[in-house]
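Structure first, then comments.
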Amino acid sequence: QAVEPSKALVCFETVEEVEGAVLVEGRRVTGPQARHHAILVEGLKPATRHDFVVSPGELKGAFQTPPEGDGEVFFVVWGDSRTYFDRLAKIATLAAADRPDFTVHSGDLVDDGDVEEDWDLFFKAARPLLSAGALWPAMGNHEAGSKIYTDLFHLPEPERWYTFRWGPAQFFVLDSNYEMRDQAAQHDWLKRELAASKARFKFAMTHYPVVSGSYAGFSFGEEGREFAGWRSLFEEHKVTAVLQGHNHNYQRHERNGIVYI
């Protein structure tokens, strides 16, 4: 998680409190005694795939670091994995074979964000894909308010919404949960970040769709403040695409030059 050109967090959990360690390119980096481990590995080479081994357990994985400047970017978008763990395991294996640089998840990773067993099943099913690169999630309605979610994922501030850069692309990950979000603060943040962005490609990600072909209950609606506010910012700053979830189907729309997937 939190992968940058020269550093990354390797996160894992153990049954008991132990000293965790990550072996990367012959270097062993240790962390404090804990059950939840988030070990920072620094001094990495940009635009490079790094293999690692986690101990205890000797579990293997890999991740790609982004380029420092321009370069190619290849990522997988997925979402609403929920309770479909058998399907997820198959798709994760297929997607991992393509070795994406990283993945972005549009939310609803699990059915109930407060149930530890759901997360155990998610990580088990998604392991092939999660062992191949960084995961950048958006918060879905099934994770809203979940302490487990905020404990598991180490995201840029302010965490409920955030941005990250990957070579020529910048991602703006939003919190679309009606009852949880601080609407004004998030809108002002998005406006500032989009205005400051010099990225060649800009991708926004939100769980609830801003543009949708489904019935009204699954979208903000033409009159919704979020629809009008976010969409006007996407158009003003020429966002490349908006990546959306929640509807459990595939849709592709284009409005005023912006692609909504």
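As shown in the structure tokens, the chain order sets the letters A, B, ...; within each chain, residues go from 1, and ligands are also counted from 1 in the order they appear.
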Item to check | Picked from region 46-253 of chain A by DSSP as strand (DSSP E), as a PyMOL selection string | outcome: chain A and resi 49-55+59-64+75-78+102-105+134-137+162-166+169-173+201-206+241-244+253
Checklist entry - Skipping near chain neighbours, those fewer than 4 positions away, what residues fall within 12 Å of Glu116 (chain A) using only C-alpha atoms, listed as an NGL selection string? => result :A and (110-112 or 120-123 or 143 or 146-149 or 151-152)
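Among A:Phe102, A:Phe153, A:Phe171, A:Trp161, the residue with the shortest atom-to-atom distance to Thr65 (chain A), counting only C-alpha atoms, is A:Phe102.
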Next on the checklist: Taking the DSSP secondary structure from the backbone, can you list the residues of region 22-261 of chain A that are helix (DSSP H, G or I), as a ChimeraX atom specification?
Outcome noted: /A:85-97,116-130,147-152,183-196,216-218,225-236
Next on the checklist: One decimal, in Å: what's the spacing between CA of Ser81 (chain A) and CA of Pro5 (chain A)?
Outcome noted: 28.9 Å
Item to check | Selection: 7 Å around Val54 (chain A), only C-alpha atoms, excl. self and same-chain fewer than 6 positions, as an MDAnalysis selection string | outcome: chainID A and resid 21:23 60
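Proximity ranking of A:Lys198, A:His37, A:His105, A:His154 relative to Asp70 (chain A) places A:Lys198 first, based on only C-alpha atoms.
Those residues that approach region 181-194 of chain A to within 10 Å, counting only C-alpha atoms, are Ala144, Pro158, Arg160, Trp161, Tyr162, Thr163, Gln170, Phe171, Phe172, Val173, Leu174, Asp175, Lys202, Ala204, Arg225, Glu226, Gly229, Trp230, Leu233, Phe234, Glu236, His237, Lys238 and Val239 of chain A; same-chain residues fewer than 6 positions away are not listed.
Of the residues listed (A:Arg255, A:His142, A:Arg200, A:Arg99), A:Arg200 shows the shortest atom-to-atom separation from Gly71 (chain A); distances use only C-alpha atoms.
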Next on the checklist: Ranking A:Thr240, A:Asn177, A:Gln64, A:Thr14 by minimum distance to Gln33 (chain A) and counting only C-alpha atoms, which one comes first?
Outcome noted: A:Thr14
Checklist entry - In terms of the shortest atom-to-atom distance over only C-alpha atoms, which of A:Lys7, A:Phe12, A:Arg127, A:Ala132 is closest to Phe63 (chain A)? => result A:Ala132
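Minimum distance to Val15 (chain A) across A:Arg35, A:Lys45, A:Lys90, A:Arg27 (counting only C-alpha atoms) occurs at A:Arg35.
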Item to check | Within 9 Å of Asp108 (chain A) using only C-alpha atoms, minus same-chain residues under 6 positions, as number ranges by chain | outcome: A: 79-82, 138-143, 207, 245-246
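Excluding Val29 (chain A) itself and same-chain residues fewer than 6 positions from it, the residues having an atom within 12 Å of it are Ala8, Leu9, Val10, Glu19, Gly20, Ala21, Val22, Leu23, His37, Ala38, Ile39, Leu40, Val41, Glu42, Gly43, Phe52, Val53, Val54 and Ser55 of chain A, counting only C-alpha atoms.
All residues of protein, DNA or RNA that reach within 7 Å of Val76 (chain A), judged by only C-alpha atoms and not counting those fewer than 4 positions away in the chain, are Pro100, Phe102, Thr103 and Val104 of chain A.
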